[in-house]
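**Q** Attaching a single structure in structure tokens format; questions to follow.
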Amino acid sequence: AFSSAPITATLFPGDGIGPEIAESVKQCGYIQIFREAEVPIEWEEHYVGTEIDPRTQSFLTWESLESVRRNRVGLKGPMATPIGKGHRSLNLTLRKELNLYANVRPCYSLPGYKTRYDDVNLVTIRENTEGEYSGLEHQVVRGVVESLKIITRQASLRVAEYAFHYAKAHGRERVSAIHKANIMQKTDGLFLKCCREVAEKYPEITYEEVVIDNCCMMLVKNPALFDVLVMPNLYGDIISDLCAGLIGGLGLTPSCNIGEGGIALAEAVHGSAPDIAGKNLANPTALLLSGVSMLRHLELHDKADRIQKAVLETIAEGKYRTADLGGSSTTSDFTRAICDHL
Ligand code: NAD
């Protein structure tokens, strides 16, 4: 009984705990959450292949990439890159092939789940394609290696534009550019210059620049000082995990990757958790809230609100919580409790 025509989205259940937490999300059986919320999504499911696809040079097939390109939206579970030579990392393949240039991670205190802070409500936006992660490393002579940090005007403007656009669209008031331009004068200097240029087009949004070391100190002392943070790749990788820690850990935090041409690939930030895989112990919250990010990207805000509310109420109630949140519920019990809240 969908109220509108279904939207097709790609689903990568992924590895390890991926299929278990994807089970909580996808439409299959009666108790699954997206079904209960009458979300008009039809999942096109894709698994990581068992052989290297020569067209992608990785275990991700060309058909999987085509599926995301066609649907423009998708949800991705964690992927463990198989060890061995001659192929690209799965996450890197997705990032490069789909040009996923910005990683967006909302991070807010969950009501009823006590951590050191009650008032975290920030969003980190990480440049996802260059910086220290350009993969350009080599040995100069024995005992001396070199790594190139690439910052381009094009990628910096693109992520800054996205950050300000996001801030405006979500009623946020401030964008902080995180940098180390006092030392990395050319690279971070260019990044800041681009942020400043974009900031001028958004006079209604306060713009500030914060040095990364000071930013870390401020985040652990008083995270409520921040609203939207935009930064180059490596800083974003570190700061976004730091922020996940502020609100209770990796099992909770969603993210969404934004690509060229409006592609959105939402994903949980955690890995495949091999230590608990196959045991029905994983917390599906991060993937569920990533699905919520995807729905928001599709402007299905009422559906997104319903699911988000049910997840947060279930955690707040405290009767059903998975082990990472100090409870003893299984993934499926927790999922059922969320369905009851829906
Ligand atoms: P991990 O995130 O898989 O696990 C770290 C710890 O957090 C483990 O103790 C795990 O049990 C726990 N944990 C993570 N997610 C949880 C959840 N939803 N519920 C409850 N507990 C959870 O990190 P790792 O062990 O460093 O990595 C394992 C594999 O995942 C590696 O192959 C790595 O490359 C891959 N990885 C993939 C992604 C991705 O696909 N985006 C991200 C990180 C790591």
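As shown in the structure tokens, the chain order sets the letters A, B, ...; within each chain, residues go from 1, and ligands are also counted from 1 in the order they appear.
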Report as a ChimeraX atom specification which protein, DNA and RNA residues come within 9 Å of ligand 1, using only C-alpha atoms and all ligand atoms.

**A** /A:14-18,21,76-83,89-91,249-252,267-277,281-287,322-325,331

**Q** Taking 2 positions as the minimum chain separation for residues in the same chain, which residues sit within 9 Å of A:Val120 when counting only C-alpha atoms? Answer as a list in words.

**A**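 Counting only the stated atoms, we get Cys107, Tyr108, Ser109, Leu110, Tyr117, Asp118, Leu122, Asn222, Pro223, Ala224, Leu225, Phe226, Cys243, Leu246 and Ile247 of chain A.
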
**Q** Residues of the last selection are to be written out with C-alpha atoms, as a PDB file, in the first residue's frame.

**A**
```
ATOM      1  CA  CYS A 107      26.333  13.196  14.561  1.00  0.00           C
ATOM      2  CA  TYR A 108      23.885  13.953  17.356  1.00  0.00           C
ATOM      3  CA  SER A 109      23.370  12.840  20.953  1.00  0.00           C
ATOM      4  CA  LEU A 110      20.798  10.076  21.172  1.00  0.00           C
ATOM      5  CA  TYR A 117      27.685  14.860  26.332  1.00  0.00           C
ATOM      6  CA  ASP A 118      23.973  15.507  25.858  1.00  0.00           C
ATOM      7  CA  LEU A 122      26.995  18.522  14.309  1.00  0.00           C
ATOM      8  CA  ASN A 222      32.516  21.159  24.289  1.00  0.00           C
ATOM      9  CA  PRO A 223      31.190  19.611  21.058  1.00  0.00           C
ATOM     10  CA  ALA A 224      28.171  21.950  21.151  1.00  0.00           C
ATOM     11  CA  LEU A 225      30.514  24.656  19.827  1.00  0.00           C
ATOM     12  CA  PHE A 226      30.279  23.131  16.340  1.00  0.00           C
ATOM     13  CA  CYS A 243      32.681  12.595  16.619  1.00  0.00           C
ATOM     14  CA  LEU A 246      31.264  11.457  21.314  1.00  0.00           C
ATOM     15  CA  ILE A 247      27.789   9.974  20.896  1.00  0.00           C
TER      16      ILE A 247
END
```

**Q** Counting only C-alpha atoms, which residues of stretch 73-181 of chain A fall within 8 Å of stretch 198-206 of chain A, and what is the closest atom pair for each with its distance in Å at one decimal, ordered by chain and rising number, as JSON lines?

**A**
```
{"residue": "A:Leu157", "atom": "CA", "partner": "A:Val198", "partner_atom": "CA", "distance": 7.2}
{"residue": "A:Ala160", "atom": "CA", "partner": "A:Val198", "partner_atom": "CA", "distance": 6.5}
{"residue": "A:Glu161", "atom": "CA", "partner": "A:Val198", "partner_atom": "CA", "distance": 6.2}
{"residue": "A:Phe164", "atom": "CA", "partner": "A:Tyr202", "partner_atom": "CA", "distance": 7.2}
{"residue": "A:Ala167", "atom": "CA", "partner": "A:Ile205", "partner_atom": "CA", "distance": 7.8}
{"residue": "A:Lys168", "atom": "CA", "partner": "A:Ile205", "partner_atom": "CA", "distance": 7.5}
{"residue": "A:Arg172", "atom": "CA", "partner": "A:Ile205", "partner_atom": "CA", "distance": 7.7}
{"residue": "A:Glu173", "atom": "CA", "partner": "A:Ile205", "partner_atom": "CA", "distance": 5.2}
{"residue": "A:Arg174", "atom": "CA", "partner": "A:Thr206", "partner_atom": "CA", "distance": 4.6}
{"residue": "A:Val175", "atom": "CA", "partner": "A:Thr206", "partner_atom": "CA", "distance": 6.3}
```

**Q** Keeping only C-alpha atoms, write the selected residues as an mmCIF file, in the first residue's frame.

**A**
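part.cif written:
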```cif
data_model
loop_
_atom_site.group_PDB
_atom_site.id
_atom_site.type_symbol
_atom_site.label_atom_id
_atom_site.label_comp_id
_atom_site.auth_asym_id
_atom_site.auth_seq_id
_atom_site.Cartn_x
_atom_site.Cartn_y
_atom_site.Cartn_z
ATOM 1 C CA LEU A 157 35.356 24.300 -4.302
ATOM 2 C CA ALA A 160 32.878 23.655 0.047
ATOM 3 C CA GLU A 161 29.865 24.292 -2.207
ATOM 4 C CA PHE A 164 27.310 25.478 2.383
ATOM 5 C CA ALA A 167 24.024 24.011 5.784
ATOM 6 C CA LYS A 168 21.463 26.217 4.074
ATOM 7 C CA ARG A 172 22.265 25.184 9.939
ATOM 8 C CA GLU A 173 23.892 28.434 10.988
ATOM 9 C CA ARG A 174 27.618 27.955 10.820
ATOM 10 C CA VAL A 175 30.274 26.274 8.692
#
```

**Q** Which neighbours of A:Ser64 fall inside 12 Å, counting only C-alpha atoms, when residues of the same chain fewer than 3 positions from it are skipped, and could you give them as a PyMOL selection string?

**A** chain A and resi 9-12+44-49+53+55-56+58-61+67-72+74+76+90+93-94+97-98

**Q** Rank nothing, just name the residue among A:Leu190, A:Met231, A:Met218, A:Gly327 nearest to A:Tyr113, using only C-alpha atoms.

**A**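 For A:Tyr113, the nearest of the candidates is A:Gly327.
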
**Q** Counting only C-alpha atoms, which residue out of A:Ser24, A:Thr129, A:Thr253, A:Thr124 sits closest to A:Ala337?

**A**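 Once distances to A:Ala337 are computed over only C-alpha atoms, the minimum belongs to A:Ser24.
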
**Q** With a cut-off of 12 Å, could you pull out the residues of stretch 6-92 of chain A touching stretch 299-317 of chain A and give me the nearest pair of atoms for each, distance in Å to one decimal, using only C-alpha atoms, ordered by chain and ascending number, as CSV?

**A**
```
residue,atom,partner,partner_atom,distance
A:Pro6,CA,A:Leu300,CA,11.7
A:Ile7,CA,A:Leu300,CA,10.8
A:Ser24,CA,A:Val311,CA,11.5
A:Val25,CA,A:Ile307,CA,10.4
A:Gln32,CA,A:Ile307,CA,11.4
A:Ile33,CA,A:Ile307,CA,7.7
A:Phe34,CA,A:Ile307,CA,7.8
A:Arg35,CA,A:Ile307,CA,10.6
A:Glu36,CA,A:Ile307,CA,9.2
A:Ala37,CA,A:Lys303,CA,6.6
A:Glu38,CA,A:Lys303,CA,7.8
A:Val39,CA,A:Lys303,CA,6.4
A:Pro40,CA,A:Lys303,CA,9.2
A:Ile41,CA,A:Leu300,CA,10.6
```

**Q** Could the residues in this selection be written to a file with N, CA and C atoms, as a PDB file, in the first residue's frame?

**A**
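Result saved to result-v7.pdb:
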```
ATOM      1  N   PRO A   6       7.106   3.332  -6.430  1.00  0.00           N
ATOM      2  CA  PRO A   6       8.352   2.962  -5.771  1.00  0.00           C
ATOM      3  C   PRO A   6       9.582   3.518  -6.471  1.00  0.00           C
ATOM      4  N   ILE A   7      10.605   3.778  -5.663  1.00  0.00           N
ATOM      5  CA  ILE A   7      11.886   4.241  -6.176  1.00  0.00           C
ATOM      6  C   ILE A   7      12.844   3.061  -6.090  1.00  0.00           C
ATOM      7  N   SER A  24      17.741  -6.150   8.495  1.00  0.00           N
ATOM      8  CA  SER A  24      16.878  -5.250   9.272  1.00  0.00           C
ATOM      9  C   SER A  24      16.281  -4.184   8.378  1.00  0.00           C
ATOM     10  N   VAL A  25      16.983  -3.845   7.339  1.00  0.00           N
ATOM     11  CA  VAL A  25      16.563  -2.727   6.500  1.00  0.00           C
ATOM     12  C   VAL A  25      15.665  -3.178   5.362  1.00  0.00           C
ATOM     13  N   GLN A  32      10.223  -6.445   8.589  1.00  0.00           N
ATOM     14  CA  GLN A  32      11.330  -5.567   8.216  1.00  0.00           C
ATOM     15  C   GLN A  32      10.929  -4.094   8.213  1.00  0.00           C
ATOM     16  N   ILE A  33      11.852  -3.286   8.673  1.00  0.00           N
ATOM     17  CA  ILE A  33      11.516  -1.923   9.036  1.00  0.00           C
ATOM     18  C   ILE A  33      11.054  -1.034   7.888  1.00  0.00           C
ATOM     19  N   PHE A  34      11.747  -1.098   6.771  1.00  0.00           N
ATOM     20  CA  PHE A  34      11.343  -0.217   5.676  1.00  0.00           C
ATOM     21  C   PHE A  34       9.975  -0.596   5.141  1.00  0.00           C
ATOM     22  N   ARG A  35       9.645  -1.873   5.236  1.00  0.00           N
ATOM     23  CA  ARG A  35       8.332  -2.338   4.814  1.00  0.00           C
ATOM     24  C   ARG A  35       7.267  -1.736   5.728  1.00  0.00           C
ATOM     25  N   GLU A  36       7.527  -1.808   7.033  1.00  0.00           N
ATOM     26  CA  GLU A  36       6.563  -1.315   8.021  1.00  0.00           C
ATOM     27  C   GLU A  36       6.292   0.177   7.825  1.00  0.00           C
ATOM     28  N   ALA A  37       7.322   0.902   7.454  1.00  0.00           N
ATOM     29  CA  ALA A  37       7.156   2.350   7.308  1.00  0.00           C
ATOM     30  C   ALA A  37       6.587   2.717   5.942  1.00  0.00           C
ATOM     31  N   GLU A  38       6.231   1.697   5.179  1.00  0.00           N
ATOM     32  CA  GLU A  38       5.678   1.926   3.837  1.00  0.00           C
ATOM     33  C   GLU A  38       6.550   2.838   3.007  1.00  0.00           C
ATOM     34  N   VAL A  39       7.822   2.542   3.046  1.00  0.00           N
ATOM     35  CA  VAL A  39       8.744   3.341   2.249  1.00  0.00           C
ATOM     36  C   VAL A  39       8.692   2.816   0.819  1.00  0.00           C
ATOM     37  N   PRO A  40       8.454   3.669  -0.133  1.00  0.00           N
ATOM     38  CA  PRO A  40       8.317   3.190  -1.501  1.00  0.00           C
ATOM     39  C   PRO A  40       9.668   2.921  -2.157  1.00  0.00           C
ATOM     40  N   ILE A  41      10.442   2.035  -1.549  1.00  0.00           N
ATOM     41  CA  ILE A  41      11.761   1.715  -2.096  1.00  0.00           C
ATOM     42  C   ILE A  41      11.753   0.264  -2.566  1.00  0.00           C
TER      43      ILE A  41
END
```
